[in-house]
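Structure below is data_34.tsv: TSV, C-alpha atoms and all ligand atoms.
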```tsv
chain	number	residue	atom	x	y	z
N	1	MET	CA	33.94	-165.72	-34.91
N	2	ALA	CA	31.18	-168.34	-34.66
N	3	ASP	CA	31.44	-171.45	-36.82
N	4	ALA	CA	29.32	-171.44	-39.98
N	5	THR	CA	26.24	-173.60	-39.48
N	6	ILE	CA	25.31	-176.13	-42.14
N	7	LEU	CA	21.82	-177.60	-42.23
N	8	VAL	CA	22.18	-181.23	-43.32
N	9	LEU	CA	18.71	-182.23	-44.36
N	10	ASN	CA	17.49	-185.74	-45.12
N	11	GLY	CA	14.20	-186.62	-46.75
N	12	PRO	CA	11.80	-189.56	-46.74
N	13	ASN	CA	12.88	-193.11	-45.90
N	14	LEU	CA	16.41	-192.09	-45.02
N	15	ASN	CA	15.52	-192.85	-41.38
N	16	LEU	CA	15.55	-196.51	-42.52
N	17	LEU	CA	19.16	-196.50	-43.70
N	18	GLY	CA	21.00	-199.62	-42.62
N	19	VAL	CA	17.96	-201.86	-43.10
N	20	ARG	CA	16.53	-200.36	-46.31
N	21	GLU	CA	17.89	-201.89	-49.54
N	22	PRO	CA	21.44	-202.22	-48.15
N	23	GLU	CA	22.72	-203.37	-51.56
N	24	THR	CA	21.84	-199.89	-52.87
N	25	TYR	CA	22.29	-197.66	-49.83
N	26	GLY	CA	24.87	-199.51	-47.72
N	27	ARG	CA	24.72	-200.72	-44.13
N	28	GLU	CA	25.41	-197.48	-42.33
N	29	THR	CA	22.52	-195.94	-40.42
N	30	LEU	CA	21.53	-192.29	-40.55
N	31	ALA	CA	22.98	-191.94	-37.02
N	32	ASP	CA	26.31	-193.24	-38.39
N	33	ILE	CA	26.17	-190.61	-41.15
N	34	GLU	CA	25.38	-187.89	-38.62
N	35	GLU	CA	28.41	-188.97	-36.58
N	36	LEU	CA	30.58	-188.87	-39.72
N	37	CYS	CA	29.33	-185.35	-40.51
N	38	LEU	CA	29.95	-184.13	-36.96
N	39	GLU	CA	33.52	-185.43	-37.03
N	40	ARG	CA	34.32	-183.88	-40.41
N	41	ALA	CA	32.56	-180.64	-39.51
N	42	ALA	CA	34.62	-180.27	-36.34
N	43	ALA	CA	37.81	-180.54	-38.41
N	44	LEU	CA	36.49	-178.02	-40.96
N	45	GLY	CA	35.26	-175.48	-38.40
N	46	LEU	CA	31.58	-175.98	-39.24
N	47	ALA	CA	28.61	-176.49	-36.95
N	48	ILE	CA	26.07	-179.06	-38.10
N	49	ASP	CA	22.32	-179.09	-37.74
N	50	PHE	CA	21.40	-182.62	-38.88
N	51	ARG	CA	17.72	-183.45	-39.51
N	52	GLN	CA	15.46	-185.98	-41.22
N	53	SER	CA	11.78	-185.91	-42.09
N	54	ASN	CA	9.42	-188.08	-44.12
N	55	HIS	CA	7.16	-185.06	-44.70
N	56	GLU	CA	7.51	-182.66	-47.61
N	57	GLY	CA	5.97	-179.71	-45.73
N	58	GLN	CA	8.32	-180.21	-42.79
N	59	LEU	CA	11.31	-180.12	-45.15
N	60	VAL	CA	9.94	-176.94	-46.75
N	61	ASP	CA	9.54	-175.33	-43.28
N	62	TRP	CA	13.12	-176.21	-42.32
N	63	ILE	CA	14.49	-174.89	-45.63
N	64	GLN	CA	12.59	-171.63	-45.09
N	65	GLU	CA	14.05	-171.32	-41.57
N	66	ALA	CA	17.58	-171.87	-42.91
N	67	ARG	CA	17.54	-168.31	-44.24
N	68	GLN	CA	17.87	-167.12	-40.64
N	69	THR	CA	19.64	-170.05	-39.01
N	70	ALA	CA	22.12	-171.59	-41.47
N	71	ASP	CA	24.96	-170.56	-43.78
N	72	GLY	CA	24.48	-173.46	-46.19
N	73	ILE	CA	22.31	-176.49	-46.87
N	74	VAL	CA	23.40	-180.03	-47.71
N	75	LEU	CA	20.31	-181.84	-48.92
N	76	ASN	CA	19.47	-185.44	-49.64
N	77	ALA	CA	15.79	-185.04	-50.44
N	78	GLY	CA	15.30	-188.77	-51.13
N	79	ALA	CA	12.42	-189.41	-53.53
N	80	TYR	CA	11.22	-185.79	-53.21
N	81	THR	CA	14.29	-184.94	-55.30
N	82	HIS	CA	12.41	-186.22	-58.33
N	83	THR	CA	8.95	-184.82	-57.54
N	84	SER	CA	8.95	-181.73	-55.37
N	85	ILE	CA	8.57	-178.30	-56.92
N	86	ALA	CA	7.68	-177.10	-53.38
N	87	ILE	CA	11.17	-178.03	-52.15
N	88	LEU	CA	12.74	-176.41	-55.23
N	89	ASP	CA	10.83	-173.18	-54.59
N	90	ALA	CA	11.88	-173.18	-50.92
N	91	LEU	CA	15.52	-173.74	-51.90
N	92	ARG	CA	15.38	-170.91	-54.42
N	93	SER	CA	14.33	-168.47	-51.72
N	94	ALA	CA	16.69	-169.79	-49.05
N	95	ASP	CA	19.48	-167.43	-50.08
N	96	VAL	CA	22.25	-169.78	-48.90
N	97	PRO	CA	24.35	-172.21	-50.97
N	98	VAL	CA	22.82	-175.64	-51.51
N	99	ILE	CA	24.68	-178.90	-52.23
N	100	GLU	CA	22.64	-181.91	-53.34
N	101	VAL	CA	23.73	-185.34	-52.11
N	102	HIS	CA	22.63	-188.88	-52.94
N	103	LEU	CA	24.10	-192.06	-51.54
N	104	SER	CA	23.45	-193.96	-54.75
N	105	ASN	CA	24.38	-192.98	-58.29
N	106	ILE	CA	20.92	-191.88	-59.40
N	107	PHE	CA	22.06	-191.80	-63.05
N	108	ARG	CA	22.68	-195.52	-63.26
N	109	ARG	CA	19.28	-196.31	-61.74
N	110	GLU	CA	15.70	-196.06	-63.05
N	111	ALA	CA	14.98	-193.28	-65.55
N	112	TYR	CA	12.55	-191.57	-63.14
N	113	ARG	CA	15.49	-190.90	-60.81
N	114	HIS	CA	17.52	-189.10	-63.49
N	115	HIS	CA	15.68	-185.82	-63.14
N	116	SER	CA	16.20	-183.73	-60.01
N	117	TYR	CA	14.22	-180.61	-59.14
N	118	VAL	CA	16.73	-179.97	-56.34
N	119	SER	CA	19.57	-179.66	-58.88
N	120	GLU	CA	17.98	-176.53	-60.33
N	121	ALA	CA	18.74	-174.76	-57.04
N	122	ALA	CA	21.98	-176.54	-56.14
N	123	GLN	CA	25.51	-175.30	-56.59
N	124	GLY	CA	26.61	-178.90	-57.17
N	125	VAL	CA	25.59	-182.53	-56.89
N	126	ILE	CA	27.45	-185.43	-55.28
N	127	CYS	CA	26.06	-188.89	-55.88
N	128	GLY	CA	27.20	-192.48	-55.88
N	129	PHE	CA	29.78	-192.33	-53.08
N	130	GLY	CA	27.58	-193.56	-50.24
N	131	SER	CA	28.00	-191.82	-46.90
N	132	GLN	CA	31.26	-190.24	-48.08
N	133	GLY	CA	29.12	-187.96	-50.25
N	134	TYR	CA	28.06	-186.08	-47.13
N	135	THR	CA	31.62	-185.35	-46.03
N	136	LEU	CA	32.60	-184.41	-49.59
N	137	ALA	CA	29.68	-181.97	-49.55
N	138	LEU	CA	30.89	-180.43	-46.28
N	139	GLU	CA	34.35	-179.98	-47.80
N	140	ALA	CA	32.85	-178.35	-50.89
N	141	MET	CA	30.71	-176.12	-48.67
N	142	THR	CA	33.81	-174.95	-46.79
N	143	ARG	CA	35.31	-173.84	-50.11
N	144	ILE	CA	32.10	-172.10	-51.17
N	145	LEU	CA	31.84	-170.21	-47.87
N	146	GLY	CA	35.51	-169.18	-48.02
N	147	PRO	CA	38.05	-168.73	-45.23
N	148	LEU	CA	36.59	-168.44	-41.73
N	149	ASP	CA	38.02	-164.95	-41.13
N	150	GLU	CA	36.54	-163.62	-44.38
N	151	ARG	CA	32.95	-164.73	-43.70
N	152	ASP	CA	30.27	-162.14	-42.84
N	201	LIG	C1	18.48	-191.21	-52.76
N	201	LIG	C2	18.09	-191.54	-54.21
N	201	LIG	C3	16.60	-191.33	-54.43
N	201	LIG	O1	16.27	-191.63	-55.77
N	201	LIG	C4	15.81	-192.23	-53.50
N	201	LIG	O2	14.43	-192.01	-53.66
N	201	LIG	C5	16.22	-192.10	-52.08
N	201	LIG	C6	17.65	-192.01	-51.76
N	201	LIG	C7	19.96	-191.56	-52.47
N	201	LIG	O3	20.47	-191.08	-51.46
N	201	LIG	O4	20.58	-192.30	-53.22
N	201	LIG	O5	15.39	-192.16	-51.18
N	201	LIG	O6	18.30	-189.83	-52.54
```
Re-express the file's structure as structure tokens.
Amino acid sequence: MADATILVLNGPNLNLLGVREPETYGRETLADIEELCLERAAALGLAIDFRQSNHEGQLVDWIQEARQTADGIVLNAGAYTHTSIAILDALRSADVPVIEVHLSNIFRREAYRHHSYVSEAAQGVICGFGSQGYTLALEAMTRILGPLDERD
């Protein structure tokens, strides 16, 4: 049986990880996080499709495609988390489980970061654990999808 494929989607400014506000987001780059995900995914029997875009419409297109190409979505939508009804609508029609991830603890930051549109479509939210949040999300996704030999 083929591995389940997880779309790990990253939104605006996450391409700047490592140099962007390291006191908030840490010193790891997005490439480091991709590497971390690939390692964990291999151990969990998942395939990873890891992407980043600064463009809302591009993220919407990829979420729409996930219906056909992925078994789950791990999403750090960056600032679009707090603004994008378009991303929420796309997630609602994706028909695969969604886990929301943030590197920082958005609830101890500015009030405008406390509301997430993504959360309305997410099975769960992991925030505040830095890059480890991504691997925690992959572990949670494995549980949600169930044992390999029982997947459709
Ligand atoms: C973020 C939190 C968002 O509020 C912010 O706009 C980001 C990154 C995080 O990973 O902590 O770009 O999603």
Using only C-alpha atoms and all ligand atoms, which residues of the polymer chains come no farther than 8 Å from ligand LIG 201 (chain N)? I'd like the answer as number ranges by chain.
N: 11-14, 24-25, 76-82, 101-106, 113, 127-128, 130
Fewer than 3 positions away in the same chain doesn't count, so skip those; otherwise give me all residues within 8 Å of Ala90 of chain N, counting all atoms listed in the file, as a PyMOL selection string.
chain N and resi 60+63-64+86-87+93-94
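Using only C-alpha atoms, the nearest neighbour of Gly133 of chain N within the list N:Leu36, N:Arg27, N:Tyr117, N:Gly18 is N:Leu36.
Distance check against Leu17 of chain N using only C-alpha atoms: of N:Gln52, N:Arg109, N:Ile126, N:Cys37, the minimum falls on N:Gln52.
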Skip segment 38-43 of chain N itself and residues of its chain fewer than 2 positions away, then list as a PDB file with C-alpha atoms, in the coordinates of the input all residues within 10 Å of it, counting only C-alpha atoms.
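Below is the file out11.pdb, written as the result:
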```
ATOM      1  CA  ASP N   3      31.440-171.450 -36.820  1.00  0.00           C
ATOM      2  CA  ALA N   4      29.320-171.440 -39.980  1.00  0.00           C
ATOM      3  CA  THR N   5      26.240-173.600 -39.480  1.00  0.00           C
ATOM      4  CA  ILE N   6      25.310-176.130 -42.140  1.00  0.00           C
ATOM      5  CA  ASP N  32      26.310-193.240 -38.390  1.00  0.00           C
ATOM      6  CA  ILE N  33      26.170-190.610 -41.150  1.00  0.00           C
ATOM      7  CA  GLU N  34      25.380-187.890 -38.620  1.00  0.00           C
ATOM      8  CA  GLU N  35      28.410-188.970 -36.580  1.00  0.00           C
ATOM      9  CA  LEU N  36      30.580-188.870 -39.720  1.00  0.00           C
ATOM     10  CA  GLY N  45      35.260-175.480 -38.400  1.00  0.00           C
ATOM     11  CA  LEU N  46      31.580-175.980 -39.240  1.00  0.00           C
ATOM     12  CA  ALA N  47      28.610-176.490 -36.950  1.00  0.00           C
ATOM     13  CA  ILE N  48      26.070-179.060 -38.100  1.00  0.00           C
ATOM     14  CA  ASP N  49      22.320-179.090 -37.740  1.00  0.00           C
ATOM     15  CA  PHE N  50      21.400-182.620 -38.880  1.00  0.00           C
ATOM     16  CA  TYR N 134      28.060-186.080 -47.130  1.00  0.00           C
ATOM     17  CA  THR N 135      31.620-185.350 -46.030  1.00  0.00           C
ATOM     18  CA  LEU N 136      32.600-184.410 -49.590  1.00  0.00           C
ATOM     19  CA  LEU N 138      30.890-180.430 -46.280  1.00  0.00           C
ATOM     20  CA  GLU N 139      34.350-179.980 -47.800  1.00  0.00           C
ATOM     21  CA  THR N 142      33.810-174.950 -46.790  1.00  0.00           C
TER      22      THR N 142
END
```
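Using all atoms listed in the file, the protein and nucleic acid residues lying no more than 8 Å from Leu16 of chain N, apart from those fewer than 3 places from it along its own chain, are Asn13, Val19, Arg20, Thr29 and Leu30 of chain N.
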By how many Å are atom CA of Leu9 of chain N and atom CA of Gln58 of chain N apart?
10.7 Å
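Using all atoms listed in the file, the shortest contact distance between Glu100 of chain N and any of N:Gly57, N:Ala66, N:Thr83, N:Ala137 is found at N:Ala137.
We find atom CA of Ile99 of chain N and atom CA of Asn15 of chain N to be spaced 19.9 Å apart.
Distance-wise, atom CA of His115 of chain N and atom CA of Leu88 of chain N end up 12.6 Å apart.
Nearest residue to Ala31 of chain N, choosing from N:Arg143, N:Arg108, N:Arg67, N:Arg51 and counting all atoms listed in the file: N:Arg51.
Of the residues listed (N:Ser131, N:Asp89, N:Ala122, N:Asn10), N:Asn10 shows the shortest atom-to-atom separation from Asn54 of chain N; distances use only C-alpha atoms.
In terms of minimum interatomic distance to Ala121 of chain N, N:Leu91 ranks closest within N:Val96, N:Ala140, N:Ile73, N:Leu91, counting all atoms listed in the file.
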Any chance you could model all heavy atoms for segment 86-97 of chain N and send them as a PDB file, in the coordinates of the input?
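Below is the file that was written, result.pdb:
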```pdb
ATOM      1  N   ALA N  86       7.764-177.866 -54.635  1.00  0.00           N
ATOM      2  CA  ALA N  86       7.680-177.100 -53.380  1.00  0.00           C
ATOM      3  C   ALA N  86       9.063-176.985 -52.725  1.00  0.00           C
ATOM      4  O   ALA N  86       9.455-175.907 -52.241  1.00  0.00           O
ATOM      5  CB  ALA N  86       6.691-177.759 -52.426  1.00  0.00           C
ATOM      6  N   ILE N  87       9.813-178.084 -52.729  1.00  0.00           N
ATOM      7  CA  ILE N  87      11.170-178.030 -52.150  1.00  0.00           C
ATOM      8  C   ILE N  87      12.077-177.162 -53.024  1.00  0.00           C
ATOM      9  O   ILE N  87      12.847-176.341 -52.522  1.00  0.00           O
ATOM     10  CB  ILE N  87      11.722-179.460 -51.945  1.00  0.00           C
ATOM     11  CG1 ILE N  87      10.960-180.107 -50.772  1.00  0.00           C
ATOM     12  CG2 ILE N  87      13.230-179.452 -51.691  1.00  0.00           C
ATOM     13  CD1 ILE N  87      11.327-181.544 -50.470  1.00  0.00           C
ATOM     14  N   LEU N  88      11.956-177.283 -54.333  1.00  0.00           N
ATOM     15  CA  LEU N  88      12.740-176.410 -55.230  1.00  0.00           C
ATOM     16  C   LEU N  88      12.454-174.934 -54.953  1.00  0.00           C
ATOM     17  O   LEU N  88      13.379-174.129 -54.817  1.00  0.00           O
ATOM     18  CB  LEU N  88      12.424-176.745 -56.704  1.00  0.00           C
ATOM     19  CG  LEU N  88      12.956-175.753 -57.730  1.00  0.00           C
ATOM     20  CD1 LEU N  88      14.484-175.655 -57.682  1.00  0.00           C
ATOM     21  CD2 LEU N  88      12.498-176.133 -59.138  1.00  0.00           C
ATOM     22  N   ASP N  89      11.182-174.587 -54.846  1.00  0.00           N
ATOM     23  CA  ASP N  89      10.830-173.180 -54.590  1.00  0.00           C
ATOM     24  C   ASP N  89      11.412-172.696 -53.264  1.00  0.00           C
ATOM     25  O   ASP N  89      11.924-171.575 -53.168  1.00  0.00           O
ATOM     26  CB  ASP N  89       9.304-172.999 -54.586  1.00  0.00           C
ATOM     27  CG  ASP N  89       8.716-173.064 -55.988  1.00  0.00           C
ATOM     28  OD1 ASP N  89       9.488-173.003 -56.970  1.00  0.00           O
ATOM     29  OD2 ASP N  89       7.475-173.164 -56.110  1.00  0.00           O
ATOM     30  N   ALA N  90      11.328-173.550 -52.236  1.00  0.00           N
ATOM     31  CA  ALA N  90      11.880-173.180 -50.920  1.00  0.00           C
ATOM     32  C   ALA N  90      13.391-172.968 -51.035  1.00  0.00           C
ATOM     33  O   ALA N  90      13.933-171.992 -50.499  1.00  0.00           O
ATOM     34  CB  ALA N  90      11.561-174.262 -49.896  1.00  0.00           C
ATOM     35  N   LEU N  91      14.073-173.860 -51.749  1.00  0.00           N
ATOM     36  CA  LEU N  91      15.520-173.740 -51.900  1.00  0.00           C
ATOM     37  C   LEU N  91      15.892-172.457 -52.629  1.00  0.00           C
ATOM     38  O   LEU N  91      16.873-171.786 -52.299  1.00  0.00           O
ATOM     39  CB  LEU N  91      16.090-174.943 -52.659  1.00  0.00           C
ATOM     40  CG  LEU N  91      16.050-176.290 -51.927  1.00  0.00           C
ATOM     41  CD1 LEU N  91      16.402-177.420 -52.888  1.00  0.00           C
ATOM     42  CD2 LEU N  91      17.007-176.297 -50.734  1.00  0.00           C
ATOM     43  N   ARG N  92      15.087-172.114 -53.633  1.00  0.00           N
ATOM     44  CA  ARG N  92      15.380-170.910 -54.420  1.00  0.00           C
ATOM     45  C   ARG N  92      15.277-169.649 -53.567  1.00  0.00           C
ATOM     46  O   ARG N  92      15.928-168.657 -53.854  1.00  0.00           O
ATOM     47  CB  ARG N  92      14.391-170.814 -55.583  1.00  0.00           C
ATOM     48  CG  ARG N  92      14.785-171.701 -56.731  1.00  0.00           C
ATOM     49  CD  ARG N  92      14.165-171.181 -58.003  1.00  0.00           C
ATOM     50  NE  ARG N  92      14.691-171.882 -59.151  1.00  0.00           N
ATOM     51  CZ  ARG N  92      13.949-172.461 -60.080  1.00  0.00           C
ATOM     52  NH1 ARG N  92      12.627-172.429 -59.984  1.00  0.00           N
ATOM     53  NH2 ARG N  92      14.507-173.058 -61.095  1.00  0.00           N
ATOM     54  N   SER N  93      14.444-169.677 -52.536  1.00  0.00           N
ATOM     55  CA  SER N  93      14.330-168.470 -51.720  1.00  0.00           C
ATOM     56  C   SER N  93      15.163-168.540 -50.446  1.00  0.00           C
ATOM     57  O   SER N  93      15.111-167.629 -49.624  1.00  0.00           O
ATOM     58  CB  SER N  93      12.858-168.177 -51.398  1.00  0.00           C
ATOM     59  OG  SER N  93      12.278-169.311 -50.837  1.00  0.00           O
ATOM     60  N   ALA N  94      15.938-169.621 -50.296  1.00  0.00           N
ATOM     61  CA  ALA N  94      16.690-169.790 -49.050  1.00  0.00           C
ATOM     62  C   ALA N  94      17.870-168.828 -48.950  1.00  0.00           C
ATOM     63  O   ALA N  94      18.317-168.499 -47.860  1.00  0.00           O
ATOM     64  CB  ALA N  94      17.177-171.225 -48.908  1.00  0.00           C
ATOM     65  N   ASP N  95      18.401-168.416 -50.100  1.00  0.00           N
ATOM     66  CA  ASP N  95      19.480-167.430 -50.080  1.00  0.00           C
ATOM     67  C   ASP N  95      20.768-167.901 -49.437  1.00  0.00           C
ATOM     68  O   ASP N  95      21.540-167.086 -48.942  1.00  0.00           O
ATOM     69  CB  ASP N  95      18.978-166.183 -49.326  1.00  0.00           C
ATOM     70  CG  ASP N  95      19.311-164.934 -50.099  1.00  0.00           C
ATOM     71  OD1 ASP N  95      19.575-165.051 -51.309  1.00  0.00           O
ATOM     72  OD2 ASP N  95      19.334-163.840 -49.484  1.00  0.00           O
ATOM     73  N   VAL N  96      20.976-169.207 -49.364  1.00  0.00           N
ATOM     74  CA  VAL N  96      22.250-169.780 -48.900  1.00  0.00           C
ATOM     75  C   VAL N  96      22.649-170.862 -49.910  1.00  0.00           C
ATOM     76  O   VAL N  96      21.782-171.414 -50.592  1.00  0.00           O
ATOM     77  CB  VAL N  96      22.149-170.387 -47.478  1.00  0.00           C
ATOM     78  CG1 VAL N  96      21.883-169.340 -46.426  1.00  0.00           C
ATOM     79  CG2 VAL N  96      21.111-171.511 -47.420  1.00  0.00           C
ATOM     80  N   PRO N  97      23.953-171.163 -50.024  1.00  0.00           N
ATOM     81  CA  PRO N  97      24.350-172.210 -50.970  1.00  0.00           C
ATOM     82  C   PRO N  97      23.779-173.578 -50.621  1.00  0.00           C
ATOM     83  O   PRO N  97      23.664-173.924 -49.443  1.00  0.00           O
ATOM     84  CB  PRO N  97      25.885-172.224 -50.893  1.00  0.00           C
ATOM     85  CG  PRO N  97      26.269-171.350 -49.768  1.00  0.00           C
ATOM     86  CD  PRO N  97      25.092-170.544 -49.347  1.00  0.00           C
TER      87      PRO N  97
END
```
